[in-house]
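Q: Contents of start.cif (mmCIF, C-alpha atoms):
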data_model
#
loop_
_atom_site.label_atom_id
_atom_site.label_comp_id
_atom_site.auth_asym_id
_atom_site.auth_seq_id
_atom_site.Cartn_x
_atom_site.Cartn_y
_atom_site.Cartn_z
CA MET A 1 93.62 90.53 116.86
CA ALA A 2 93.46 93.79 114.99
CA VAL A 3 93.60 97.18 116.66
CA LYS A 4 90.36 99.10 117.11
CA VAL A 5 89.17 102.68 117.36
CA GLY A 6 90.47 104.19 120.60
CA ASP A 7 93.75 102.25 120.58
CA SER A 8 97.08 104.04 120.45
CA LEU A 9 99.27 103.67 117.42
CA PRO A 10 102.11 101.23 118.21
CA SER A 11 105.64 102.56 118.64
CA VAL A 12 107.48 100.95 115.73
CA GLU A 13 110.23 102.04 113.36
CA LEU A 14 109.48 102.20 109.67
CA HIS A 15 111.90 103.09 106.85
CA GLU A 16 111.57 106.09 104.57
CA GLU A 17 113.38 106.21 101.20
CA THR A 18 116.26 104.00 102.43
CA PRO A 19 116.60 101.46 105.25
CA GLN A 20 118.94 103.91 106.99
CA VAL A 21 116.19 106.49 107.59
CA LYS A 22 114.15 105.11 110.46
CA ILE A 23 110.89 106.81 111.40
CA ASN A 24 109.22 106.00 114.71
CA ILE A 25 105.61 106.19 113.66
CA ALA A 26 104.26 106.90 117.17
CA ASP A 27 106.66 109.85 117.58
CA GLU A 28 105.91 111.05 114.06
CA VAL A 29 102.17 111.44 114.62
CA LYS A 30 102.26 113.11 118.07
CA GLY A 31 100.12 116.24 118.17
CA LYS A 32 98.95 115.79 114.60
CA LYS A 33 95.90 114.45 112.80
CA VAL A 34 97.08 112.04 110.14
CA ILE A 35 95.71 109.48 107.73
CA ILE A 36 97.53 106.17 107.43
CA PHE A 37 96.59 103.64 104.80
CA GLY A 38 98.06 100.21 104.26
CA VAL A 39 98.35 98.29 101.03
CA PRO A 40 99.20 94.69 100.09
CA GLY A 41 102.00 95.67 97.75
CA ALA A 42 103.78 98.46 95.92
CA PHE A 43 103.19 98.34 92.17
CA THR A 44 100.36 95.77 92.48
CA PRO A 45 97.33 96.53 90.29
CA GLY A 46 94.70 97.26 92.96
CA CYS A 47 97.01 99.44 94.97
CA SER A 48 98.36 101.31 91.95
CA ALA A 49 95.19 101.78 89.93
CA THR A 50 92.60 102.46 92.62
CA HIS A 51 93.74 102.69 96.24
CA LEU A 52 96.70 105.04 96.01
CA PRO A 53 95.30 107.36 93.31
CA GLY A 54 92.30 108.21 95.52
CA TYR A 55 94.58 109.49 98.26
CA LEU A 56 96.85 111.32 95.83
CA GLU A 57 93.89 113.10 94.23
CA LYS A 58 92.33 114.05 97.56
CA ALA A 59 95.59 114.96 99.31
CA ASP A 60 95.22 118.73 98.98
CA GLU A 61 91.57 118.65 99.97
CA LEU A 62 92.25 116.46 103.01
CA LYS A 63 95.12 118.68 104.11
CA LYS A 64 92.92 121.79 103.86
CA LYS A 65 90.50 120.02 106.22
CA GLY A 66 93.16 119.63 108.91
CA ILE A 67 95.03 116.45 108.01
CA SER A 68 98.77 117.10 108.59
CA GLU A 69 100.03 114.09 106.71
CA ILE A 70 98.90 111.14 104.63
CA ILE A 71 101.09 108.08 105.04
CA CYS A 72 101.07 104.90 102.94
CA VAL A 73 102.55 101.79 104.57
CA SER A 74 103.40 98.53 102.81
CA VAL A 75 105.37 95.38 103.52
CA ASN A 76 108.00 96.19 100.90
CA ASP A 77 111.55 97.37 101.32
CA ALA A 78 112.40 101.07 101.42
CA PHE A 79 113.91 101.11 97.93
CA VAL A 80 110.78 99.66 96.34
CA MET A 81 108.59 102.11 98.27
CA LYS A 82 110.75 105.04 97.14
CA ALA A 83 110.50 103.85 93.53
CA TRP A 84 106.72 103.54 93.84
CA SER A 85 106.50 107.03 95.29
CA ASP A 86 108.65 108.46 92.49
CA HIS A 87 106.64 106.59 89.86
CA ASN A 88 103.46 108.18 91.21
CA LYS A 89 104.98 111.63 91.79
CA ALA A 90 103.66 111.35 95.33
CA GLN A 91 106.21 113.52 97.09
CA GLY A 92 104.55 116.34 98.98
CA LYS A 93 101.20 114.55 98.89
CA VAL A 94 101.64 111.11 100.42
CA ARG A 95 104.62 109.77 102.41
CA PHE A 96 105.62 106.18 101.71
CA LEU A 97 106.88 104.21 104.70
CA ALA A 98 108.29 100.70 104.40
CA ASP A 99 107.54 97.95 106.89
CA PRO A 100 109.77 95.22 105.41
CA ASN A 101 109.75 93.00 108.50
CA LEU A 102 106.00 93.37 109.24
CA GLU A 103 106.69 94.92 112.65
CA PHE A 104 104.05 97.64 112.30
CA THR A 105 101.66 95.45 110.34
CA LYS A 106 101.74 92.69 112.97
CA LYS A 107 101.32 95.14 115.87
CA LEU A 108 98.20 96.44 114.12
CA GLY A 109 97.08 92.82 113.65
CA VAL A 110 96.50 93.29 109.93
CA GLU A 111 99.00 90.79 108.51
CA HIS A 112 97.68 88.74 105.60
CA GLU A 113 99.31 85.91 103.68
CA ILE A 114 99.60 86.43 99.92
CA PRO A 115 101.70 83.54 98.57
CA VAL A 116 101.88 84.86 94.99
CA LEU A 117 103.63 87.95 96.34
CA GLY A 118 106.02 85.84 98.40
CA GLY A 119 104.37 85.54 101.78
CA TRP A 120 103.08 87.82 104.50
CA ARG A 121 101.92 91.28 103.57
CA SER A 122 99.38 93.73 104.93
CA LYS A 123 95.63 93.79 104.61
CA ARG A 124 94.33 96.89 102.93
CA TYR A 125 93.16 99.43 105.51
CA SER A 126 92.78 103.10 106.25
CA MET A 127 92.77 104.95 109.54
CA VAL A 128 92.69 108.41 111.02
CA VAL A 129 95.06 108.93 113.92
CA ASP A 130 94.57 112.00 116.13
CA ASP A 131 97.49 112.76 118.45
CA GLY A 132 98.45 109.09 118.49
CA LYS A 133 94.95 107.62 118.98
CA ILE A 134 93.10 105.77 116.26
CA THR A 135 89.79 107.62 115.69
CA GLN A 136 88.62 105.96 112.48
CA LEU A 137 89.55 102.53 111.13
CA ASN A 138 88.52 100.64 108.00
CA ILE A 139 90.05 97.23 107.37
CA GLU A 140 89.00 95.43 104.18
CA PRO A 141 87.03 92.37 105.33
CA ASP A 142 88.66 90.07 102.74
CA GLY A 143 92.10 91.61 103.22
CA THR A 144 92.66 92.97 99.74
CA GLY A 145 89.33 94.32 98.45
CA LEU A 146 88.82 97.93 97.44
CA SER A 147 85.81 99.11 99.38
CA CYS A 148 85.79 100.67 102.85
CA SER A 149 89.48 101.60 102.86
CA LEU A 150 89.29 103.95 99.89
CA ALA A 151 89.91 107.66 100.45
CA GLU A 152 86.17 108.34 100.08
CA GLY A 153 85.48 106.15 103.11
CA LEU A 154 87.04 108.51 105.63
CA LYS A 155 84.97 111.20 107.33
CA ILE A 156 87.23 114.25 107.56
CA MET B 157 125.28 74.10 99.25
CA ALA B 158 125.43 76.16 96.09
CA VAL B 159 125.25 74.69 92.60
CA LYS B 160 128.48 74.37 90.65
CA VAL B 161 129.64 74.33 87.04
CA GLY B 162 128.35 71.17 85.37
CA ASP B 163 125.09 71.05 87.34
CA SER B 164 121.73 71.24 85.60
CA LEU B 165 119.52 74.24 86.13
CA PRO B 166 116.71 73.27 88.55
CA SER B 167 113.17 72.88 87.25
CA VAL B 168 111.31 75.68 89.02
CA GLU B 169 108.53 78.08 88.09
CA LEU B 170 109.25 81.79 88.12
CA HIS B 171 106.80 84.63 87.40
CA GLU B 172 107.09 87.07 84.53
CA GLU B 173 105.23 90.41 84.63
CA THR B 174 102.39 89.04 86.78
CA PRO B 175 102.10 86.08 89.16
CA GLN B 176 99.76 84.45 86.64
CA VAL B 177 102.48 84.03 84.01
CA LYS B 178 104.56 81.09 85.20
CA ILE B 179 107.81 80.28 83.44
CA ASN B 180 109.52 76.96 84.06
CA ILE B 181 113.12 78.04 83.88
CA ALA B 182 114.50 74.59 82.98
CA ASP B 183 112.07 74.31 80.03
CA GLU B 184 112.79 77.90 79.02
CA VAL B 185 116.54 77.40 78.56
CA LYS B 186 116.44 74.05 76.72
CA GLY B 187 118.55 74.14 73.57
CA LYS B 188 119.70 77.70 74.20
CA LYS B 189 122.74 79.44 75.60
CA VAL B 190 121.56 81.97 78.15
CA ILE B 191 122.93 84.24 80.84
CA ILE B 192 121.14 84.34 84.17
CA PHE B 193 122.09 86.85 86.83
CA GLY B 194 120.64 87.18 90.29
CA VAL B 195 120.34 90.32 92.38
CA PRO B 196 119.52 91.04 96.04
CA GLY B 197 116.69 93.41 95.22
CA ALA B 198 114.86 95.36 92.54
CA PHE B 199 115.41 99.11 92.87
CA THR B 200 118.27 98.70 95.39
CA PRO B 201 121.27 100.95 94.72
CA GLY B 202 123.93 98.36 93.81
CA CYS B 203 121.60 96.43 91.54
CA SER B 204 120.21 99.54 89.86
CA ALA B 205 123.38 101.61 89.46
CA THR B 206 125.97 98.98 88.62
CA HIS B 207 124.88 95.38 88.21
CA LEU B 208 121.87 95.69 85.90
CA PRO B 209 123.25 98.53 83.70
CA GLY B 210 126.25 96.40 82.72
CA TYR B 211 123.97 93.72 81.31
CA LEU B 212 121.67 96.22 79.63
CA GLU B 213 124.60 97.94 77.92
CA LYS B 214 126.18 94.68 76.78
CA ALA B 215 122.93 92.94 75.80
CA ASP B 216 123.26 93.48 72.06
CA GLU B 217 126.93 92.52 72.04
CA LEU B 218 126.30 89.36 74.08
CA LYS B 219 123.42 88.35 71.83
CA LYS B 220 125.58 88.79 68.73
CA LYS B 221 128.02 86.37 70.34
CA GLY B 222 125.40 83.63 70.61
CA ILE B 223 123.55 84.34 73.84
CA SER B 224 119.83 83.77 73.21
CA GLU B 225 118.56 85.47 76.33
CA ILE B 226 119.70 87.40 79.37
CA ILE B 227 117.55 86.80 82.43
CA CYS B 228 117.57 88.73 85.70
CA VAL B 229 116.13 86.93 88.74
CA SER B 230 115.30 88.50 92.09
CA VAL B 231 113.37 87.60 95.22
CA ASN B 232 110.72 90.23 94.59
CA ASP B 233 107.14 89.84 93.41
CA ALA B 234 106.29 89.93 89.71
CA PHE B 235 104.73 93.40 89.88
CA VAL B 236 107.86 94.95 91.39
CA MET B 237 110.04 93.17 88.83
CA LYS B 238 107.83 94.43 85.98
CA ALA B 239 108.06 97.97 87.36
CA TRP B 240 111.85 97.68 87.62
CA SER B 241 112.05 96.42 84.04
CA ASP B 242 109.87 99.27 82.79
CA HIS B 243 111.86 101.83 84.77
CA ASN B 244 115.04 100.60 83.09
CA LYS B 245 113.51 100.19 79.63
CA ALA B 246 114.86 96.64 79.71
CA GLN B 247 112.29 94.99 77.45
CA GLY B 248 113.95 93.25 74.53
CA LYS B 249 117.31 93.28 76.29
CA VAL B 250 116.92 91.57 79.65
CA ARG B 251 113.97 89.49 80.91
CA PHE B 252 112.99 89.98 84.55
CA LEU B 253 111.78 86.88 86.35
CA ALA B 254 110.41 86.98 89.89
CA ASP B 255 111.20 84.34 92.50
CA PRO B 256 108.99 85.66 95.32
CA ASN B 257 109.07 82.47 97.37
CA LEU B 258 112.80 81.76 96.93
CA GLU B 259 112.14 78.44 95.20
CA PHE B 260 114.74 78.97 92.47
CA THR B 261 117.15 80.83 94.75
CA LYS B 262 117.10 78.04 97.37
CA LYS B 263 117.54 75.30 94.77
CA LEU B 264 120.63 77.14 93.53
CA GLY B 265 121.78 77.42 97.16
CA VAL B 266 122.33 81.18 96.89
CA GLU B 267 119.84 82.42 99.48
CA HIS B 268 121.15 85.24 101.66
CA GLU B 269 119.53 86.99 104.62
CA ILE B 270 119.21 90.77 104.30
CA PRO B 271 117.10 91.92 107.27
CA VAL B 272 116.88 95.57 106.16
CA LEU B 273 115.11 94.37 103.01
CA GLY B 274 112.77 92.18 105.03
CA GLY B 275 114.47 88.80 105.13
CA TRP B 276 115.75 86.22 102.70
CA ARG B 277 116.87 87.36 99.29
CA SER B 278 119.40 86.16 96.73
CA LYS B 279 123.14 86.52 96.66
CA ARG B 280 124.39 88.37 93.64
CA TYR B 281 125.56 85.95 90.96
CA SER B 282 125.91 85.40 87.24
CA MET B 283 125.95 82.21 85.21
CA VAL B 284 126.00 80.93 81.68
CA VAL B 285 123.65 78.04 81.03
CA ASP B 286 124.13 76.01 77.85
CA ASP B 287 121.22 73.68 76.99
CA GLY B 288 120.31 73.44 80.67
CA LYS B 289 123.83 72.91 82.08
CA ILE B 290 125.68 75.57 84.06
CA THR B 291 128.94 76.25 82.20
CA GLN B 292 130.10 79.39 84.03
CA LEU B 293 129.19 80.53 87.53
CA ASN B 294 130.23 83.57 89.56
CA ILE B 295 128.71 83.99 93.03
CA GLU B 296 129.75 87.09 94.97
CA PRO B 297 131.76 85.80 97.95
CA ASP B 298 130.11 88.25 100.40
CA GLY B 299 126.66 87.81 98.86
CA THR B 300 126.06 91.37 97.71
CA GLY B 301 129.37 92.77 96.39
CA LEU B 302 129.84 93.96 92.84
CA SER B 303 132.85 92.11 91.54
CA CYS B 304 132.89 88.75 89.79
CA SER B 305 129.18 88.74 88.91
CA LEU B 306 129.33 91.84 86.71
CA ALA B 307 128.68 91.48 82.98
CA GLU B 308 132.41 91.91 82.30
CA GLY B 309 133.14 88.76 84.32
CA LEU B 310 131.59 86.37 81.82
CA LYS B 311 133.64 84.83 79.03
CA ILE B 312 131.36 84.73 76.00
#
Represent the structure from my file as structure tokens, please.

A:
Amino acid sequence: MAVKVGDSLPSVELHEETPQVKINIADEVKGKKVIIFGVPGAFTPGCSATHLPGYLEKADELKKKGISEIICVSVNDAFVMKAWSDHNKAQGKVRFLADPNLEFTKKLGVEHEIPVLGGWRSKRYSMVVDDGKITQLNIEPDGTGLSCSLAEGLKI
Amino acid sequence: MAVKVGDSLPSVELHEETPQVKINIADEVKGKKVIIFGVPGAFTPGCSATHLPGYLEKADELKKKGISEIICVSVNDAFVMKAWSDHNKAQGKVRFLADPNLEFTKKLGVEHEIPVLGGWRSKRYSMVVDDGKITQLNIEPDGTGLSCSLAEGLKI
């Protein structure tokens, strides 16, 4: 079952840039208001053409409104996530965290099977997390659609 | 158990550029002499800095010596493989085929668990396939090392 508004963010390690850099997401968001969005796959068309660009474009605006960080999570390895970040010149706007073993994705209850990508990935979602508590949450009903989880869908 | 010299290449579908473009590798290599090399992961340091560049640099030379195609296979999805190809300006030199579900990799018997990348990937290997038969084969003994499977290791 998926998490819901009011739940705490799970304490799970994600990778940033390389598998050696482990980020405990619960520790990382303590005392901050952050946006986390999840995508089915780095470099996939929906994520690259629509989902990610919305957050990149709005990053400055969202940060002026009190968002400390915007974090993108995907079930890819850290090297692929770093390459996707570089390709999109996302540094300084959106952090890319890798969840290669689905630990975070499963704790959120948003795992989703996509055989053409090789198996289990993440549903597309967005959330606002305030000092570790989920205060807004939008999970795409079909898993991969581009509707409620877009940057415009968050009330900041 | 891994394939050996003299075996036929298995008949398996791989993806090229998108999951919709399915390439039966056994059909693809009929009547041709091709090089196939396998890597643990797109965008990973060993594959990006050493393994792939050797084949890119030698592509023209190898093709002058009678190699019809050079094919790189990895257990990544087609979108990541396309991005890795674009990043390396590999088009026209090396084709990138995706084996997201390990079908080809398992039939070759070269699957290898790499938990930091999220699970099962491919050992690093190189082979020459002449009209569907494996005539040279170099599988890295430790799975991921950069020794016998480098472009220099093939006798063309």

Q: Excluding same-chain residues fewer than 6 positions from Val284 (chain B), what lies within 12 Å of it counting all atoms listed in the file, as a short mmCIF file (atom, residue, chain, number, x, y, z; two decimals) with C-alpha atoms, in the frame of the given file?

A:
data_model
loop_
_atom_site.label_atom_id
_atom_site.label_comp_id
_atom_site.auth_asym_id
_atom_site.auth_seq_id
_atom_site.Cartn_x
_atom_site.Cartn_y
_atom_site.Cartn_z
CA LYS B 160 128.48 74.37 90.65
CA VAL B 161 129.64 74.33 87.04
CA GLY B 162 128.35 71.17 85.37
CA ASP B 163 125.09 71.05 87.34
CA SER B 164 121.73 71.24 85.60
CA LEU B 165 119.52 74.24 86.13
CA VAL B 185 116.54 77.40 78.56
CA LYS B 188 119.70 77.70 74.20
CA LYS B 189 122.74 79.44 75.60
CA VAL B 190 121.56 81.97 78.15
CA ILE B 191 122.93 84.24 80.84
CA ILE B 192 121.14 84.34 84.17
CA PHE B 193 122.09 86.85 86.83
CA GLY B 194 120.64 87.18 90.29
CA LEU B 218 126.30 89.36 74.08
CA GLY B 222 125.40 83.63 70.61
CA ILE B 223 123.55 84.34 73.84
CA SER B 224 119.83 83.77 73.21
CA GLU B 225 118.56 85.47 76.33
CA ILE B 226 119.70 87.40 79.37
CA ILE B 227 117.55 86.80 82.43
CA ILE B 290 125.68 75.57 84.06
CA THR B 291 128.94 76.25 82.20
CA GLN B 292 130.10 79.39 84.03
CA LEU B 293 129.19 80.53 87.53
CA ASN B 294 130.23 83.57 89.56
CA SER B 305 129.18 88.74 88.91
CA ALA B 307 128.68 91.48 82.98
CA GLY B 309 133.14 88.76 84.32
CA LEU B 310 131.59 86.37 81.82
CA LYS B 311 133.64 84.83 79.03
CA ILE B 312 131.36 84.73 76.00
#

Q: May I ask for the distance between CA of Gly187 (chain B) and CA of Asp286 (chain B), given in Å to one decimal place?

A: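 Computing the Euclidean distance for CA of Gly187 (chain B) and CA of Asp286 (chain B) yields 7.3 Å.
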
Q: Could you list the residues chosen by the PyMOL selection byres ((chain A) within 12 of (chain B)) in this structure as a PyMOL selection string?

A: chain A and resi 13-22+40-48+74-84+86-88+98-103+114-121

Q: Using all atoms listed in the file, determine which residues lie at most 10 Å from Lys107 (chain A), disregarding the query and same-chain residues fewer than 4 positions distant; provide the list as a VMD selection string.

A: chain A and resid 1 to 3 9 to 12 102 to 103 111

Q: What does chain B look like once superposed on chain A, all Cα atoms paired in sequence order, least squares? Give it as an mmCIF file with C-alpha atoms, in the frame of the given file.

A:
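Written output follows (superposed_37.cif):
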data_model
loop_
_atom_site.group_PDB
_atom_site.id
_atom_site.type_symbol
_atom_site.label_atom_id
_atom_site.label_comp_id
_atom_site.auth_asym_id
_atom_site.auth_seq_id
_atom_site.Cartn_x
_atom_site.Cartn_y
_atom_site.Cartn_z
ATOM 1 C CA MET B 157 93.633 90.519 116.888
ATOM 2 C CA ALA B 158 93.434 93.783 115.003
ATOM 3 C CA VAL B 159 93.597 97.191 116.657
ATOM 4 C CA LYS B 160 90.352 99.089 117.111
ATOM 5 C CA VAL B 161 89.159 102.680 117.356
ATOM 6 C CA GLY B 162 90.465 104.191 120.589
ATOM 7 C CA ASP B 163 93.744 102.249 120.572
ATOM 8 C CA SER B 164 97.086 104.029 120.445
ATOM 9 C CA LEU B 165 99.271 103.683 117.401
ATOM 10 C CA PRO B 166 102.112 101.241 118.213
ATOM 11 C CA SER B 167 105.644 102.553 118.640
ATOM 12 C CA VAL B 168 107.493 100.954 115.731
ATOM 13 C CA GLU B 169 110.240 102.038 113.359
ATOM 14 C CA LEU B 170 109.484 102.200 109.660
ATOM 15 C CA HIS B 171 111.900 103.096 106.840
ATOM 16 C CA GLU B 172 111.560 106.089 104.561
ATOM 17 C CA GLU B 173 113.388 106.187 101.203
ATOM 18 C CA THR B 174 116.261 103.994 102.429
ATOM 19 C CA PRO B 175 116.601 101.462 105.254
ATOM 20 C CA GLN B 176 118.934 103.913 106.995
ATOM 21 C CA VAL B 177 116.194 106.490 107.581
ATOM 22 C CA LYS B 178 114.154 105.124 110.472
ATOM 23 C CA ILE B 179 110.896 106.806 111.406
ATOM 24 C CA ASN B 180 109.224 105.993 114.703
ATOM 25 C CA ILE B 181 105.612 106.195 113.668
ATOM 26 C CA ALA B 182 104.258 106.895 117.174
ATOM 27 C CA ASP B 183 106.663 109.850 117.590
ATOM 28 C CA GLU B 184 105.899 111.044 114.066
ATOM 29 C CA VAL B 185 102.150 111.440 114.625
ATOM 30 C CA LYS B 186 102.266 113.098 118.068
ATOM 31 C CA GLY B 187 100.126 116.228 118.167
ATOM 32 C CA LYS B 188 98.947 115.779 114.589
ATOM 33 C CA LYS B 189 95.903 114.445 112.804
ATOM 34 C CA VAL B 190 97.082 112.046 110.130
ATOM 35 C CA ILE B 191 95.715 109.468 107.732
ATOM 36 C CA ILE B 192 97.534 106.166 107.436
ATOM 37 C CA PHE B 193 96.584 103.635 104.796
ATOM 38 C CA GLY B 194 98.063 100.212 104.267
ATOM 39 C CA VAL B 195 98.351 98.297 101.016
ATOM 40 C CA PRO B 196 99.198 94.689 100.093
ATOM 41 C CA GLY B 197 101.997 95.662 97.744
ATOM 42 C CA ALA B 198 103.783 98.461 95.924
ATOM 43 C CA PHE B 199 103.199 98.327 92.167
ATOM 44 C CA THR B 200 100.367 95.761 92.468
ATOM 45 C CA PRO B 201 97.339 96.522 90.285
ATOM 46 C CA GLY B 202 94.696 97.266 92.945
ATOM 47 C CA CYS B 203 97.024 99.451 94.972
ATOM 48 C CA SER B 204 98.368 101.309 91.944
ATOM 49 C CA ALA B 205 95.174 101.789 89.928
ATOM 50 C CA THR B 206 92.602 102.461 92.623
ATOM 51 C CA HIS B 207 93.724 102.688 96.230
ATOM 52 C CA LEU B 208 96.709 105.041 96.017
ATOM 53 C CA PRO B 209 95.281 107.376 93.312
ATOM 54 C CA GLY B 210 92.293 108.211 95.519
ATOM 55 C CA TYR B 211 94.586 109.498 98.250
ATOM 56 C CA LEU B 212 96.846 111.332 95.823
ATOM 57 C CA GLU B 213 93.884 113.103 94.224
ATOM 58 C CA LYS B 214 92.326 114.051 97.556
ATOM 59 C CA ALA B 215 95.583 114.968 99.315
ATOM 60 C CA ASP B 216 95.214 118.728 98.980
ATOM 61 C CA GLU B 217 91.553 118.661 99.974
ATOM 62 C CA LEU B 218 92.233 116.460 103.014
ATOM 63 C CA LYS B 219 95.102 118.681 104.117
ATOM 64 C CA LYS B 220 92.909 121.779 103.864
ATOM 65 C CA LYS B 221 90.508 120.018 106.216
ATOM 66 C CA GLY B 222 93.157 119.626 108.914
ATOM 67 C CA ILE B 223 95.029 116.457 108.014
ATOM 68 C CA SER B 224 98.749 117.092 108.582
ATOM 69 C CA GLU B 225 100.031 114.080 106.705
ATOM 70 C CA ILE B 226 98.900 111.137 104.625
ATOM 71 C CA ILE B 227 101.084 108.070 105.040
ATOM 72 C CA CYS B 228 101.075 104.909 102.937
ATOM 73 C CA VAL B 229 102.561 101.790 104.558
ATOM 74 C CA SER B 230 103.406 98.538 102.802
ATOM 75 C CA VAL B 231 105.373 95.383 103.515
ATOM 76 C CA ASN B 232 107.992 96.179 100.898
ATOM 77 C CA ASP B 233 111.564 97.371 101.318
ATOM 78 C CA ALA B 234 112.379 101.078 101.419
ATOM 79 C CA PHE B 235 113.907 101.110 97.930
ATOM 80 C CA VAL B 236 110.776 99.655 96.331
ATOM 81 C CA MET B 237 108.590 102.095 98.266
ATOM 82 C CA LYS B 238 110.761 105.029 97.140
ATOM 83 C CA ALA B 239 110.509 103.839 93.534
ATOM 84 C CA TRP B 240 106.725 103.527 93.844
ATOM 85 C CA SER B 241 106.504 107.032 95.297
ATOM 86 C CA ASP B 242 108.645 108.455 92.498
ATOM 87 C CA HIS B 243 106.648 106.596 89.854
ATOM 88 C CA ASN B 244 103.465 108.176 91.202
ATOM 89 C CA LYS B 245 104.967 111.624 91.783
ATOM 90 C CA ALA B 246 103.652 111.340 95.336
ATOM 91 C CA GLN B 247 106.217 113.534 97.081
ATOM 92 C CA GLY B 248 104.548 116.340 98.991
ATOM 93 C CA LYS B 249 101.204 114.551 98.898
ATOM 94 C CA VAL B 250 101.642 111.108 100.421
ATOM 95 C CA ARG B 251 104.623 109.767 102.403
ATOM 96 C CA PHE B 252 105.632 106.168 101.709
ATOM 97 C CA LEU B 253 106.889 104.216 104.696
ATOM 98 C CA ALA B 254 108.290 100.700 104.393
ATOM 99 C CA ASP B 255 107.550 97.945 106.896
ATOM 100 C CA PRO B 256 109.773 95.221 105.406
ATOM 101 C CA ASN B 257 109.743 93.002 108.482
ATOM 102 C CA LEU B 258 106.016 93.367 109.249
ATOM 103 C CA GLU B 259 106.693 94.923 112.651
ATOM 104 C CA PHE B 260 104.063 97.652 112.293
ATOM 105 C CA THR B 261 101.656 95.452 110.335
ATOM 106 C CA LYS B 262 101.757 92.687 112.980
ATOM 107 C CA LYS B 263 101.320 95.132 115.859
ATOM 108 C CA LEU B 264 98.201 96.438 114.117
ATOM 109 C CA GLY B 265 97.081 92.818 113.653
ATOM 110 C CA VAL B 266 96.492 93.284 109.919
ATOM 111 C CA GLU B 267 98.994 90.788 108.518
ATOM 112 C CA HIS B 268 97.676 88.750 105.597
ATOM 113 C CA GLU B 269 99.306 85.904 103.676
ATOM 114 C CA ILE B 270 99.586 86.430 99.916
ATOM 115 C CA PRO B 271 101.712 83.546 98.588
ATOM 116 C CA VAL B 272 101.886 84.853 95.001
ATOM 117 C CA LEU B 273 103.639 87.951 96.352
ATOM 118 C CA GLY B 274 106.019 85.839 98.409
ATOM 119 C CA GLY B 275 104.353 85.541 101.794
ATOM 120 C CA TRP B 276 103.076 87.817 104.513
ATOM 121 C CA ARG B 277 101.913 91.272 103.568
ATOM 122 C CA SER B 278 99.372 93.739 104.927
ATOM 123 C CA LYS B 279 95.628 93.792 104.606
ATOM 124 C CA ARG B 280 94.332 96.895 102.933
ATOM 125 C CA TYR B 281 93.161 99.430 105.504
ATOM 126 C CA SER B 282 92.783 103.111 106.257
ATOM 127 C CA MET B 283 92.755 104.966 109.552
ATOM 128 C CA VAL B 284 92.685 108.422 111.020
ATOM 129 C CA VAL B 285 95.057 108.939 113.919
ATOM 130 C CA ASP B 286 94.568 112.000 116.121
ATOM 131 C CA ASP B 287 97.492 112.762 118.467
ATOM 132 C CA GLY B 288 98.439 109.084 118.500
ATOM 133 C CA LYS B 289 94.937 107.613 118.986
ATOM 134 C CA ILE B 290 93.079 105.761 116.241
ATOM 135 C CA THR B 291 89.796 107.623 115.692
ATOM 136 C CA GLN B 292 88.622 105.953 112.469
ATOM 137 C CA LEU B 293 89.553 102.528 111.134
ATOM 138 C CA ASN B 294 88.502 100.654 107.999
ATOM 139 C CA ILE B 295 90.050 97.227 107.379
ATOM 140 C CA GLU B 296 88.997 95.446 104.189
ATOM 141 C CA PRO B 297 87.028 92.382 105.336
ATOM 142 C CA ASP B 298 88.676 90.083 102.743
ATOM 143 C CA GLY B 299 92.116 91.630 103.233
ATOM 144 C CA THR B 300 92.671 92.976 99.734
ATOM 145 C CA GLY B 301 89.335 94.337 98.438
ATOM 146 C CA LEU B 302 88.821 97.941 97.445
ATOM 147 C CA SER B 303 85.817 99.110 99.390
ATOM 148 C CA CYS B 304 85.794 100.677 102.839
ATOM 149 C CA SER B 305 89.496 101.591 102.862
ATOM 150 C CA LEU B 306 89.295 103.953 99.887
ATOM 151 C CA ALA B 307 89.914 107.664 100.441
ATOM 152 C CA GLU B 308 86.174 108.330 100.082
ATOM 153 C CA GLY B 309 85.493 106.137 103.126
ATOM 154 C CA LEU B 310 87.044 108.520 105.632
ATOM 155 C CA LYS B 311 84.983 111.203 107.339
ATOM 156 C CA ILE B 312 87.236 114.245 107.581
#
